[in-house]
file my_file39.cif (mmCIF, C-alpha atoms)
data_final
#
loop_
_atom_site.group_PDB
_atom_site.id
_atom_site.type_symbol
_atom_site.label_atom_id
_atom_site.label_comp_id
_atom_site.auth_asym_id
_atom_site.auth_seq_id
_atom_site.Cartn_x
_atom_site.Cartn_y
_atom_site.Cartn_z
ATOM 1 C CA MET A 1 -10.265 -9.994 1.471
ATOM 2 C CA ASN A 2 -9.876 -10.071 -2.302
ATOM 3 C CA PRO A 3 -6.124 -10.424 -3.177
ATOM 4 C CA VAL A 4 -6.219 -7.369 -5.450
ATOM 5 C CA ILE A 5 -7.885 -5.243 -2.778
ATOM 6 C CA ARG A 6 -5.395 -6.601 -0.226
ATOM 7 C CA VAL A 7 -2.467 -5.356 -2.332
ATOM 8 C CA LYS A 8 -4.053 -1.911 -2.673
ATOM 9 C CA VAL A 9 -4.686 -1.714 1.059
ATOM 10 C CA LEU A 10 -1.118 -2.672 1.949
ATOM 11 C CA ASP A 11 0.274 -0.205 -0.595
ATOM 12 C CA ARG A 12 -1.565 2.569 1.256
ATOM 13 C CA VAL A 13 -0.162 1.366 4.578
ATOM 14 C CA ARG A 14 3.408 1.300 3.223
ATOM 15 C CA VAL A 15 3.772 5.103 3.448
ATOM 16 C CA HIS A 16 2.937 5.216 7.175
ATOM 17 C CA PRO A 17 5.854 6.467 9.373
ATOM 18 C CA LEU A 18 6.016 3.086 11.130
ATOM 19 C CA PHE A 19 6.955 1.434 7.837
ATOM 20 C CA SER A 20 8.423 4.097 5.565
ATOM 21 C CA SER A 21 11.980 3.547 6.855
ATOM 22 C CA LEU A 22 11.956 -0.259 6.580
ATOM 23 C CA LYS A 23 13.698 -2.240 3.858
ATOM 24 C CA ASP A 24 11.646 -3.891 1.130
ATOM 25 C CA GLU A 25 12.470 -7.367 2.396
ATOM 26 C CA ASP A 26 11.376 -6.421 5.914
ATOM 27 C CA LEU A 27 8.134 -4.963 4.617
ATOM 28 C CA ALA A 28 7.527 -8.142 2.645
ATOM 29 C CA GLN A 29 7.787 -10.195 5.849
ATOM 30 C CA LEU A 30 5.398 -7.928 7.710
ATOM 31 C CA PHE A 31 2.872 -7.745 4.890
ATOM 32 C CA GLU A 32 2.923 -11.504 4.413
ATOM 33 C CA ARG A 33 1.616 -11.936 7.963
ATOM 34 C CA ALA A 34 -0.550 -8.798 7.975
ATOM 35 C CA ARG A 35 -4.268 -9.211 8.541
ATOM 36 C CA PRO A 36 -6.681 -6.804 6.814
ATOM 37 C CA ILE A 37 -9.949 -6.617 8.747
ATOM 38 C CA ASP A 38 -13.264 -5.168 7.617
ATOM 39 C CA LEU A 39 -15.434 -3.876 10.465
ATOM 40 C CA SER A 40 -19.058 -2.862 10.497
ATOM 41 C CA ALA A 41 -20.220 0.203 12.434
ATOM 42 C CA HIS A 42 -20.012 -0.432 16.215
ATOM 43 C CA GLU A 43 -18.115 -3.707 15.730
ATOM 44 C CA LYS A 44 -15.356 -4.319 18.294
ATOM 45 C CA LEU A 45 -11.757 -4.707 17.121
ATOM 46 C CA PHE A 46 -10.314 -5.573 20.538
ATOM 47 C CA THR A 47 -11.272 -5.243 24.183
ATOM 48 C CA GLN A 48 -9.498 -3.958 27.278
ATOM 49 C CA GLY A 49 -7.383 -6.719 28.853
ATOM 50 C CA GLU A 50 -7.108 -8.740 25.644
ATOM 51 C CA LYS A 51 -3.583 -9.891 24.728
ATOM 52 C CA ALA A 52 -1.933 -7.216 22.571
ATOM 53 C CA ASP A 53 -0.243 -9.273 19.880
ATOM 54 C CA ARG A 54 -1.003 -6.876 17.019
ATOM 55 C CA PHE A 55 -0.981 -3.163 16.296
ATOM 56 C CA TYR A 56 -3.205 -1.591 13.668
ATOM 57 C CA ILE A 57 -3.363 0.991 10.899
ATOM 58 C CA VAL A 58 -6.739 2.460 9.956
ATOM 59 C CA VAL A 59 -7.044 2.336 6.163
ATOM 60 C CA SER A 60 -10.558 3.747 5.935
ATOM 61 C CA GLY A 61 -13.229 4.783 8.413
ATOM 62 C CA SER A 62 -12.532 5.509 12.089
ATOM 63 C CA VAL A 63 -12.081 3.650 15.374
ATOM 64 C CA LYS A 64 -13.050 4.809 18.845
ATOM 65 C CA LEU A 65 -10.709 3.970 21.743
ATOM 66 C CA PHE A 66 -12.502 4.042 25.077
ATOM 67 C CA ARG A 67 -12.634 2.749 28.632
ATOM 68 C CA PHE A 68 -15.332 2.448 31.262
ATOM 69 C CA SER A 69 -15.059 4.241 34.589
ATOM 70 C CA LYS A 70 -15.835 2.512 37.880
ATOM 71 C CA ASP A 71 -19.411 3.781 37.717
ATOM 72 C CA GLY A 72 -19.861 2.384 34.212
ATOM 73 C CA GLN A 73 -19.499 5.656 32.307
ATOM 74 C CA GLU A 74 -17.813 5.424 28.916
ATOM 75 C CA LYS A 75 -14.746 7.628 28.506
ATOM 76 C CA VAL A 76 -13.541 8.240 24.961
ATOM 77 C CA ILE A 77 -9.739 8.290 24.933
ATOM 78 C CA GLU A 78 -9.146 8.961 21.257
ATOM 79 C CA VAL A 79 -10.680 8.581 17.817
ATOM 80 C CA ILE A 80 -8.265 7.023 15.324
ATOM 81 C CA GLU A 81 -8.939 8.158 11.792
ATOM 82 C CA GLU A 82 -7.834 7.043 8.345
ATOM 83 C CA GLY A 83 -4.061 6.819 7.950
ATOM 84 C CA HIS A 84 -3.296 6.690 11.674
ATOM 85 C CA SER A 85 -2.054 3.855 13.884
ATOM 86 C CA MET A 86 -3.037 2.475 17.267
ATOM 87 C CA ALA A 87 -1.587 0.145 19.902
ATOM 88 C CA GLU A 88 1.958 0.352 18.534
ATOM 89 C CA ALA A 89 3.385 1.830 21.750
ATOM 90 C CA ILE A 90 2.368 -1.276 23.718
ATOM 91 C CA MET A 91 5.081 -3.251 21.889
ATOM 92 C CA PHE A 92 7.761 -1.295 23.731
ATOM 93 C CA MET A 93 6.275 -1.667 27.218
ATOM 94 C CA GLU A 94 7.593 -4.819 28.874
ATOM 95 C CA GLU A 95 5.216 -4.543 31.827
ATOM 96 C CA LEU A 96 2.140 -4.288 29.591
ATOM 97 C CA ASN A 97 1.145 -7.055 27.191
ATOM 98 C CA CYS A 98 -2.574 -6.389 26.901
ATOM 99 C CA TYR A 99 -4.689 -3.642 25.391
ATOM 100 C CA PRO A 100 -5.442 -0.914 27.975
ATOM 101 C CA VAL A 101 -8.565 0.253 26.119
ATOM 102 C CA ASN A 102 -11.443 -1.012 23.996
ATOM 103 C CA ALA A 103 -11.519 -0.357 20.251
ATOM 104 C CA GLU A 104 -14.748 -0.078 18.273
ATOM 105 C CA ALA A 105 -15.447 0.989 14.686
ATOM 106 C CA LEU A 106 -17.545 4.139 14.457
ATOM 107 C CA GLU A 107 -18.554 3.388 10.878
ATOM 108 C CA LYS A 108 -17.736 0.906 8.150
ATOM 109 C CA THR A 109 -13.971 0.619 8.650
ATOM 110 C CA THR A 110 -10.977 -1.272 7.292
ATOM 111 C CA VAL A 111 -7.870 -1.772 9.417
ATOM 112 C CA VAL A 112 -4.709 -3.795 8.922
ATOM 113 C CA GLY A 113 -3.225 -5.658 11.875
ATOM 114 C CA PHE A 114 0.519 -6.304 12.072
ATOM 115 C CA ASN A 115 2.341 -8.863 14.187
ATOM 116 C CA CYS A 116 4.099 -7.132 17.098
ATOM 117 C CA SER A 117 6.763 -9.804 17.665
ATOM 118 C CA LEU A 118 7.845 -9.807 14.024
ATOM 119 C CA TYR A 119 7.961 -6.024 13.899
ATOM 120 C CA LEU A 120 10.215 -5.897 16.975
ATOM 121 C CA GLN A 121 12.533 -8.508 15.472
ATOM 122 C CA ILE A 122 12.923 -6.347 12.374
ATOM 123 C CA LEU A 123 13.659 -3.223 14.415
ATOM 124 C CA GLU A 124 16.363 -5.042 16.379
ATOM 125 C CA SER A 125 18.329 -5.442 13.160
ATOM 126 C CA SER A 126 17.921 -1.815 12.042
ATOM 127 C CA PRO A 127 19.063 0.960 14.446
ATOM 128 C CA GLN A 128 18.212 3.619 11.850
ATOM 129 C CA SER A 129 14.613 2.460 11.726
ATOM 130 C CA CYS A 130 14.486 2.417 15.524
ATOM 131 C CA PHE A 131 15.429 6.095 15.721
ATOM 132 C CA LYS A 132 12.782 7.053 13.156
ATOM 133 C CA ILE A 133 10.129 5.114 15.030
ATOM 134 C CA LEU A 134 11.251 6.760 18.277
ATOM 135 C CA GLY A 135 10.691 10.135 16.629
ATOM 136 C CA THR A 136 7.184 9.121 15.586
ATOM 137 C CA LEU A 137 6.249 7.951 19.079
ATOM 138 C CA SER A 138 7.787 11.065 20.652
ATOM 139 C CA ARG A 139 5.638 13.328 18.480
ATOM 140 C CA ARG A 140 2.526 11.412 19.510
ATOM 141 C CA LEU A 141 3.526 11.715 23.170
ATOM 142 C CA HIS A 142 4.002 15.454 22.763
ATOM 143 C CA THR A 143 0.533 15.707 21.241
ATOM 144 C CA ARG A 144 -0.987 13.731 24.123
ATOM 145 C CA LEU A 145 0.725 15.967 26.695
ATOM 146 C CA ASN A 146 -0.685 19.062 25.014
ATOM 147 C CA GLU A 147 -4.137 17.499 25.086
ATOM 148 C CA ILE A 148 -3.812 16.665 28.785
ATOM 149 C CA GLU A 149 -2.835 20.258 29.525
ATOM 150 C CA THR A 150 -5.827 21.528 27.582
ATOM 151 C CA LEU A 151 -8.242 19.145 29.289
ATOM 152 C CA THR A 152 -7.003 19.905 32.804
ATOM 153 C CA LEU A 153 -6.136 23.595 32.698
ATOM 154 C CA LYS A 154 -8.511 25.155 30.172
ATOM 155 C CA ASN A 155 -12.237 25.799 30.298
ATOM 156 C CA ALA A 156 -14.806 24.156 28.035
ATOM 157 C CA ARG A 157 -14.985 27.036 25.540
ATOM 158 C CA HIS A 158 -11.218 27.017 25.129
ATOM 159 C CA ARG A 159 -11.213 23.245 24.565
ATOM 160 C CA ALA A 160 -13.910 23.462 21.906
ATOM 161 C CA CYS A 161 -12.208 26.294 20.039
ATOM 162 C CA ARG A 162 -8.842 24.577 20.241
ATOM 163 C CA TYR A 163 -10.392 21.428 18.771
ATOM 164 C CA LEU A 164 -11.735 23.374 15.788
ATOM 165 C CA LEU A 165 -8.410 25.112 15.262
ATOM 166 C CA ASP A 166 -6.553 21.794 15.379
ATOM 167 C CA LEU A 167 -8.910 20.383 12.742
ATOM 168 C CA ALA A 168 -8.278 23.425 10.549
ATOM 169 C CA GLY A 169 -4.515 22.950 10.817
ATOM 170 C CA LYS A 170 -1.627 25.326 10.224
ATOM 171 C CA ASP A 171 -3.076 26.602 6.948
ATOM 172 C CA ALA A 172 -6.336 27.729 8.547
ATOM 173 C CA GLU A 173 -7.960 30.850 7.153
ATOM 174 C CA SER A 174 -11.269 32.628 7.342
ATOM 175 C CA GLY A 175 -13.801 31.024 5.040
ATOM 176 C CA MET A 176 -12.284 27.552 5.432
ATOM 177 C CA ARG A 177 -14.729 24.685 5.810
ATOM 178 C CA ILE A 178 -13.816 21.763 8.058
ATOM 179 C CA HIS A 179 -15.662 18.509 8.584
ATOM 180 C CA LEU A 180 -16.171 17.096 12.050
ATOM 181 C CA PRO A 181 -14.766 13.544 11.818
ATOM 182 C CA VAL A 182 -17.213 12.068 14.345
ATOM 183 C CA ALA A 183 -20.572 12.885 15.906
ATOM 184 C CA LYS A 184 -20.724 15.866 18.271
ATOM 185 C CA GLN A 185 -21.533 13.548 21.174
ATOM 186 C CA LEU A 186 -18.178 11.780 20.716
ATOM 187 C CA ILE A 187 -16.364 15.080 20.345
ATOM 188 C CA ALA A 188 -17.889 16.243 23.625
ATOM 189 C CA ALA A 189 -16.739 13.053 25.347
ATOM 190 C CA ARG A 190 -13.259 13.488 23.906
ATOM 191 C CA LEU A 191 -13.149 17.061 25.235
ATOM 192 C CA ALA A 192 -14.373 16.019 28.701
ATOM 193 C CA MET A 193 -17.656 17.901 28.580
ATOM 194 C CA GLN A 194 -21.337 17.115 28.308
ATOM 195 C CA PRO A 195 -22.899 17.129 24.802
ATOM 196 C CA GLU A 196 -25.225 19.965 25.792
ATOM 197 C CA THR A 197 -22.199 22.024 26.857
ATOM 198 C CA LEU A 198 -20.585 21.601 23.445
ATOM 199 C CA SER A 199 -23.876 22.462 21.740
ATOM 200 C CA ARG A 200 -24.175 25.627 23.835
ATOM 201 C CA ILE A 201 -20.630 26.714 22.944
ATOM 202 C CA LEU A 202 -21.230 26.128 19.240
ATOM 203 C CA ARG A 203 -24.448 28.153 19.408
ATOM 204 C CA GLU A 204 -22.558 30.995 21.089
ATOM 205 C CA LEU A 205 -19.878 30.940 18.382
ATOM 206 C CA ILE A 206 -22.568 30.928 15.693
ATOM 207 C CA LYS A 207 -24.362 33.871 17.337
ATOM 208 C CA GLU A 208 -21.052 35.744 17.540
ATOM 209 C CA GLU A 209 -20.581 35.051 13.795
ATOM 210 C CA VAL A 210 -17.319 33.225 14.480
ATOM 211 C CA ILE A 211 -18.422 30.007 12.754
ATOM 212 C CA ILE A 212 -21.243 28.654 10.590
ATOM 213 C CA VAL A 213 -22.442 25.087 11.250
ATOM 214 C CA SER A 214 -24.290 22.857 8.820
ATOM 215 C CA GLY A 215 -24.574 19.297 10.096
ATOM 216 C CA ARG A 216 -20.990 18.125 10.636
ATOM 217 C CA ASP A 217 -19.541 20.856 8.390
ATOM 218 C CA VAL A 218 -18.142 23.907 10.156
ATOM 219 C CA THR A 219 -17.112 27.051 8.279
ATOM 220 C CA ILE A 220 -14.672 29.318 10.053
ATOM 221 C CA ASN A 221 -16.289 32.682 9.460
ATOM 222 C CA ASN A 222 -13.700 34.699 11.372
ATOM 223 C CA LEU A 223 -10.397 32.985 12.150
ATOM 224 C CA GLU A 224 -9.012 35.763 14.325
ATOM 225 C CA ARG A 225 -12.081 35.782 16.547
ATOM 226 C CA LEU A 226 -11.927 31.984 16.816
ATOM 227 C CA ARG A 227 -8.318 32.235 17.934
ATOM 228 C CA ALA A 228 -9.269 35.003 20.365
ATOM 229 C CA ALA A 229 -12.065 32.836 21.726
ATOM 230 C CA ASP A 230 -9.475 30.103 22.219
#

call {"tool": "encode", "arguments": {"input": "my_file39.cif", "output": "structure tokens"}}
result
Amino acid sequence: MNPVIRVKVLDRVRVHPLFSSLKDEDLAQLFERARPIDLSAHEKLFTQGEKADRFYIVVSGSVKLFRFSKDGQEKVIEVIEEGHSMAEAIMFMEELNCYPVNAEALEKTTVVGFNCSLYLQILESSPQSCFKILGTLSRRLHTRLNEIETLTLKNARHRACRYLLDLAGKDAESGMRIHLPVAKQLIAARLAMQPETLSRILRELIKEEVIIVSGRDVTINNLERLRAAD
């Protein structure tokens, strides 16, 4: 990667919660050994079972995390978008030293890989940073638990509406337009439903004048009815 572009990429990574509490000298060590990686669409970043010696920040694009079931069916675990991290929790799991999932770019993507061993060494010398990182990981765990509850206890319509509301965020309002970050097929897989089921639910919401869909853009026509549908 061009040195100038490398500096710009690392400057964007610096504000991530995993790094924002670190000292400048610690960041310098990490960035010196960081590895920016450009991926083409559908290019693999790592595979399940591969030694997990790095964690990653997505600088641009998106990465699909997935596994294969015993019958060969692909199960999408999560889609990591720009500004978010992946595989950092593995550093803190002594019994696990390999990636538990596959990672593949969904589009042209740039990620930065950081050395796990060096990062842990830095944290050992900074209790304050450890607590901040613990807070970050705890929030992600809370999010995952909420998703598990939704996937196991709620019906397909609820899951689809909840997904749209989560994309809209806390400042959601009627008339807001949101952009689906990935193809509907991947969203369906993420929500544990068939693509045709998601399509049917979206058609129902359109017919009920709850949303308007144009490609991957969704306009929330009536926020209260979307929440009621959820």

call {"tool": "closest_residue", "arguments": {"input": "my_file39.cif", "among": "A:Ala160, A:Ile178, A:Leu167, A:Ser69", "to": "Leu202 in chain A", "atoms": "all atoms listed in the file"}}
result
A:Ala160

call {"tool": "residues_around", "arguments": {"input": "my_file39.cif", "residues": "range 15-25 of chain A", "least_positions_apart": "3", "cutoff": "9 Å", "atoms": "all atoms listed in the file", "output": "PyMOL selection string"}}
result
chain A and resi 11-12+28-30+57+83-85+88+122-123+126+128-129+132-133+136

call {"tool": "atom_distance", "arguments": {"input": "my_file39.cif", "atom1": "CA of Arg227 in chain A", "atom2": "CA of Leu65 in chain A"}}
result
28.6 Å

call {"tool": "residues_around", "arguments": {"input": "my_file39.cif", "residues": "Gln194 in chain A", "least_positions_apart": "5", "cutoff": "8 Å", "atoms": "only C-alpha atoms", "output": "list in words"}}
result
Gln185, Ala188 and Ala189 of chain A

call {"tool": "closest_residue", "arguments": {"input": "my_file39.cif", "among": "A:Arg14, A:Arg33, A:Arg190, A:His158", "to": "Val59 in chain A", "atoms": "all atoms listed in the file"}}
result
A:Arg14

call {"tool": "atom_distance", "arguments": {"input": "my_file39.cif", "atom1": "CA of Thr110 in chain A", "atom2": "CA of Met86 in chain A"}}
result
13.3 Å

call {"tool": "resolve_selection", "arguments": {"input": "my_file39.cif", "expression": "the PyMOL selection byres ((chain A and resi 39) around 10)", "output": "PyMOL selection string"}}
result
chain A and resi 36-38+40-45+61-63+104-111

call {"tool": "write_last_selection", "arguments": {"input": "my_file39.cif", "atoms": "C-alpha atoms", "output": "PDB file, in the coordinates of the input"}}
result
ATOM      1  CA  PRO A  36      -6.681  -6.804   6.814  1.00  0.00           C
ATOM      2  CA  ILE A  37      -9.949  -6.617   8.747  1.00  0.00           C
ATOM      3  CA  ASP A  38     -13.264  -5.168   7.617  1.00  0.00           C
ATOM      4  CA  SER A  40     -19.058  -2.862  10.497  1.00  0.00           C
ATOM      5  CA  ALA A  41     -20.220   0.203  12.434  1.00  0.00           C
ATOM      6  CA  HIS A  42     -20.012  -0.432  16.215  1.00  0.00           C
ATOM      7  CA  GLU A  43     -18.115  -3.707  15.730  1.00  0.00           C
ATOM      8  CA  LYS A  44     -15.356  -4.319  18.294  1.00  0.00           C
ATOM      9  CA  LEU A  45     -11.757  -4.707  17.121  1.00  0.00           C
ATOM     10  CA  GLY A  61     -13.229   4.783   8.413  1.00  0.00           C
ATOM     11  CA  SER A  62     -12.532   5.509  12.089  1.00  0.00           C
ATOM     12  CA  VAL A  63     -12.081   3.650  15.374  1.00  0.00           C
ATOM     13  CA  GLU A 104     -14.748  -0.078  18.273  1.00  0.00           C
ATOM     14  CA  ALA A 105     -15.447   0.989  14.686  1.00  0.00           C
ATOM     15  CA  LEU A 106     -17.545   4.139  14.457  1.00  0.00           C
ATOM     16  CA  GLU A 107     -18.554   3.388  10.878  1.00  0.00           C
ATOM     17  CA  LYS A 108     -17.736   0.906   8.150  1.00  0.00           C
ATOM     18  CA  THR A 109     -13.971   0.619   8.650  1.00  0.00           C
ATOM     19  CA  THR A 110     -10.977  -1.272   7.292  1.00  0.00           C
ATOM     20  CA  VAL A 111      -7.870  -1.772   9.417  1.00  0.00           C
TER      21      VAL A 111
END

call {"tool": "atom_distance", "arguments": {"input": "my_file39.cif", "atom1": "CA of Lys170 in chain A", "atom2": "CA of Leu226 in chain A"}}
result
13.9 Å

call {"tool": "resolve_selection", "arguments": {"input": "my_file39.cif", "expression": "the PyMOL selection byres ((chain A and resi 94-98) around 6)", "output": "list in words"}}
result
Gly49, Glu50, Lys51, Ala52, Met93 and Tyr99 of chain A

call {"tool": "closest_residue", "arguments": {"input": "my_file39.cif", "among": "A:Ile80, A:Ile211, A:Ala192, A:Phe66", "to": "Leu165 in chain A", "atoms": "all atoms listed in the file"}}
result
A:Ile211

call {"tool": "residues_around", "arguments": {"input": "my_file39.cif", "residues": "Ile201 in chain A", "least_positions_apart": "5", "cutoff": "10 Å", "atoms": "all atoms listed in the file", "output": "PyMOL selection string"}}
result
chain A and resi 156-158+160-161+196+206-207

call {"tool": "residues_around", "arguments": {"input": "my_file39.cif", "residues": "Ile212 in chain A", "least_positions_apart": "4", "cutoff": "12 Å", "atoms": "only C-alpha atoms", "output": "JSON, numbers by chain"}}
result
{"A": [174, 175, 176, 177, 178, 179, 202, 203, 204, 205, 206, 207, 208, 216, 217, 218, 219, 220, 221, 222, 223, 226]}

call {"tool": "closest_residue", "arguments": {"input": "my_file39.cif", "among": "A:Lys184, A:Lys70, A:Arg54, A:Arg35", "to": "Tyr163 in chain A", "atoms": "all atoms listed in the file"}}
result
A:Lys184
